[in-house]
Every structure is written in C-alpha cells, then in structure tokens.
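A.B. asks: Below: one structure in structure tokens.
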Amino acid sequence: MNIGHTYESMARLVHAQTGEYPTAEGMSGAYRAAISNPAMRAMAAAPAGLDITYEDGAWADFCKANGSFAHIFKGAGPTDGPTREAWDSKVTEALALIQEIDPSLRLMVDLLVTDLVILNSGADGGGSASQLPGVVVMSPGEKWEVLDYAMCLVHEAMHLNLFVGDKVYGTFTLSSRELDADQYRALSAVKIGQRRPLDKAFTPPS
C-alpha cells in the first residue's frame, strides 16, 4: 500500500462525506475535517500537525471509558514533565528519521496519524483501531531508540491506512465487532499472546 493508494482511499472517504474530491494539496485538511465528523470519531482532529497527549488527556480518558486498547493502558501511571519532553523529542527525531528513509512514508504517517497518546504502561508497543481514525496509542519500552519509535509510527499508520481502505472498498464484509468472534481470528499476535481478529491481523503486530 503506497502513497498513491493512500491518496486514493482518503479521497474516496472525503468524497463519500462531502461529494467532492480533494486536491493532493488539500488532502490533509479535507481528511481531517472528514474524520472529525462525530459519526467517525468522538473528538475532532486538529487542522494540522500531530497532537501528542498523555495518560491524563482527553483521548486517554475516552479510551479507558470505552475499553479501547485495554492491554496498552493496563498499568499506565502518571508521568512528569521531563518524561513527556523526552518522549516528544524521540517522536520528533523518529519523524525526521522516517523522512530521511523515505519522504513518501513520512507523508503517509503525517496524513494518517493525527493524534498520538503516549503512556508508560510497559506494554512496549502501539495500537490503533478502525473506529478511531487518526488515533495511535503508544507505550514505549525503556530501551526504545529513535528507530523503535519510527517503526511503531509507521506500523500503526499502515493499520490506519488499511482501516481507511476497508471503509471505502469494503475489504471485510463483517463489522469490527463481529470479527471479534473466535472463528474470525487468525495469525499469532506475539505481543498480545492470542490470535487476532482478521481486521487487526491484516498486518503483523508491532
């Protein structure tokens, strides 16, 4: 799934809501406006940039209240200013590294990841969900380097990309809730230690 596929899927999603296809230059703003529809997610996306919040932020509260990413939030505690500043610095460096490796990949991350929630739960991984477009939850490991942050961001961006594709192309014929059933689980998810629903297992776990 390359940047061309990404633009096409996002444009189709925007068109489904507005009746208009955005230009490449206007794609980011148009997509963010589209997913800010309350029918798409609970809180609006910022017009631009990556909004980073933590265990006491609005997205963390929403996820905990709705049981989203329970395996990542479990064990998360309060964090202080220096810890958050260190995380922010690593994310900034990670984005720069992605840009250096492949500008198209960085563009894909910028387009798809609008909100990042960072925790200290010890889960050592990240998560995204089809019902929360743009949102990524991350719990960095103590020994994570810049490359680990970069890989997590790219991995979750690819999940978000697949979720957008599913919305416009109907990759899966059942809802995410229905795919939670045992008969629709496949592929070993090493991090979680259990088989995953097909829509979650479509790419390997981080």
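If you're wondering about the labels, chains in the structure tokens are A, B, ... by order shown, residues count from 1 in each chain, ligands from 1 in order shown.
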Show me, as a PyMOL selection string, the residues that have an atom within 12 Å of range 65-73 of chain A when counting only C-alpha atoms, minus same-chain residues fewer than 5 positions from it.

C.D. replies: chain A and resi 42+54-56+58-60+78+117-132+135-141+191-194

A.B. asks: Do you have, as a tab-separated table, the list of residues of range 61-119 of chain A lying at most 10 Å from range 18-37 of chain A, each with its nearest atom pair and that distance in Å to one decimal, counting only C-alpha atoms and ordered by chain then number?

C.D. replies:
residue	atom	partner	partner_atom	distance
A:Leu107	CA	A:Ser28	CA	9.8
A:Asp110	CA	A:Ser28	CA	8.3
A:Leu111	CA	A:Ser28	CA	5.6
A:Leu112	CA	A:Ser28	CA	8.4
A:Val113	CA	A:Arg32	CA	9.9
A:Thr114	CA	A:Arg32	CA	7.8

A.B. asks: Next, dump the selected residues to file, keeping only all heavy atoms, as an mmCIF file, in the first residue's frame.

C.D. replies:
data_model
loop_
_atom_site.group_PDB
_atom_site.id
_atom_site.type_symbol
_atom_site.label_atom_id
_atom_site.label_comp_id
_atom_site.auth_asym_id
_atom_site.auth_seq_id
_atom_site.Cartn_x
_atom_site.Cartn_y
_atom_site.Cartn_z
ATOM 1 N N LEU A 107 5.192 11.198 4.555
ATOM 2 C CA LEU A 107 3.940 11.826 4.152
ATOM 3 C C LEU A 107 2.750 10.971 4.551
ATOM 4 O O LEU A 107 1.728 11.476 5.026
ATOM 5 C CB LEU A 107 3.946 12.075 2.644
ATOM 6 C CG LEU A 107 2.677 12.680 2.030
ATOM 7 C CD1 LEU A 107 2.337 14.010 2.693
ATOM 8 C CD2 LEU A 107 2.846 12.859 0.526
ATOM 9 N N ASP A 110 2.205 11.395 8.242
ATOM 10 C CA ASP A 110 1.639 12.723 8.515
ATOM 11 C C ASP A 110 0.161 12.793 8.141
ATOM 12 O O ASP A 110 -0.642 13.435 8.826
ATOM 13 C CB ASP A 110 2.414 13.795 7.751
ATOM 14 C CG ASP A 110 3.794 14.041 8.326
ATOM 15 O OD1 ASP A 110 4.050 13.613 9.475
ATOM 16 O OD2 ASP A 110 4.622 14.666 7.635
ATOM 17 N N LEU A 111 -0.198 12.148 7.040
ATOM 18 C CA LEU A 111 -1.589 12.181 6.587
ATOM 19 C C LEU A 111 -2.510 11.383 7.502
ATOM 20 O O LEU A 111 -3.629 11.804 7.791
ATOM 21 C CB LEU A 111 -1.689 11.618 5.167
ATOM 22 C CG LEU A 111 -1.190 12.500 4.022
ATOM 23 C CD1 LEU A 111 -1.123 11.690 2.734
ATOM 24 C CD2 LEU A 111 -2.094 13.714 3.839
ATOM 25 N N LEU A 112 -2.032 10.247 7.974
ATOM 26 C CA LEU A 112 -2.909 9.302 8.660
ATOM 27 C C LEU A 112 -2.912 9.412 10.176
ATOM 28 O O LEU A 112 -3.915 9.110 10.818
ATOM 29 C CB LEU A 112 -2.521 7.875 8.267
ATOM 30 C CG LEU A 112 -2.859 7.497 6.822
ATOM 31 C CD1 LEU A 112 -2.004 6.344 6.350
ATOM 32 C CD2 LEU A 112 -4.338 7.155 6.709
ATOM 33 N N VAL A 113 -1.802 9.820 10.783
ATOM 34 C CA VAL A 113 -1.721 9.899 12.241
ATOM 35 C C VAL A 113 -1.929 11.347 12.677
ATOM 36 O O VAL A 113 -1.069 12.198 12.474
ATOM 37 C CB VAL A 113 -0.356 9.376 12.755
ATOM 38 C CG1 VAL A 113 -0.347 9.384 14.288
ATOM 39 C CG2 VAL A 113 -0.077 7.984 12.228
ATOM 40 N N THR A 114 -3.072 11.608 13.281
ATOM 41 C CA THR A 114 -3.401 12.968 13.716
ATOM 42 C C THR A 114 -3.217 13.149 15.215
ATOM 43 O O THR A 114 -2.952 14.259 15.683
ATOM 44 C CB THR A 114 -4.858 13.313 13.358
ATOM 45 O OG1 THR A 114 -5.749 12.409 14.054
ATOM 46 C CG2 THR A 114 -5.092 13.182 11.860
#

A.B. asks: Can you list, as a PyMOL selection string, every residue of range 1-198 of chain A that DSSP puts in strand (DSSP E)?

C.D. replies: chain A and resi 51-53+115-118+125-127+135-139+185-189+194-197

A.B. asks: One decimal, in Å: what's the spacing between CA of Leu95 in chain A and CA of Val14 in chain A?

C.D. replies: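 One can read the CA of Leu95 in chain A to CA of Val14 in chain A distance as 25.6 Å.
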
A.B. asks: Excluding same-chain residues fewer than 4 positions from Ser89 in chain A, what lies within 12 Å of it counting only C-alpha atoms, as a list in words?

C.D. replies: Ile52, Pro82, Thr83, Arg84, Glu85, Glu93, Ala94, Leu95, Ala96, Glu145, Val146 and Tyr149 of chain A

A.B. asks: Using only C-alpha atoms, which of A:Pro197, A:Trp87, A:Glu156, A:Pro133 sits nearest Phe172 in chain A?

C.D. replies: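 Of A:Pro197, A:Trp87, A:Glu156, A:Pro133, the one nearest Phe172 in chain A, counting only C-alpha atoms, is A:Pro197.
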
A.B. asks: Looking only at alpha helix (DSSP H) from DSSP on the backbone, list the matching residues of range 65-112 of chain A as a PyMOL selection string.

C.D. replies: chain A and resi 65-66+70-73+81-101+103-112

A.B. asks: Excluding Asp51 in chain A and any residue of its chain fewer than 3 positions from it, enumerate the residues within 8 Å of it, using only C-alpha atoms, and give them as a VMD selection string.

C.D. replies: chain A and resid 46 114 to 116

A.B. asks: Residues within 7 Å of range 181-186 of chain A, please, as a PyMOL selection string. Count only C-alpha atoms; anything in the same chain fewer than 3 positions from it doesn't count.

C.D. replies: chain A and resi 178+195-198+201

A.B. asks: In terms of the shortest atom-to-atom distance over only C-alpha atoms, which of A:Gly134, A:Met10, A:Glu100, A:Phe163 is closest to Ser175 in chain A?

C.D. replies: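 For Ser175 in chain A, the nearest of the candidates is A:Phe163.
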
A.B. asks: Which distance in Å separates CA of Thr92 in chain A and CA of Ala150 in chain A, to one decimal?

C.D. replies: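 So the answer is 9.4 Å.
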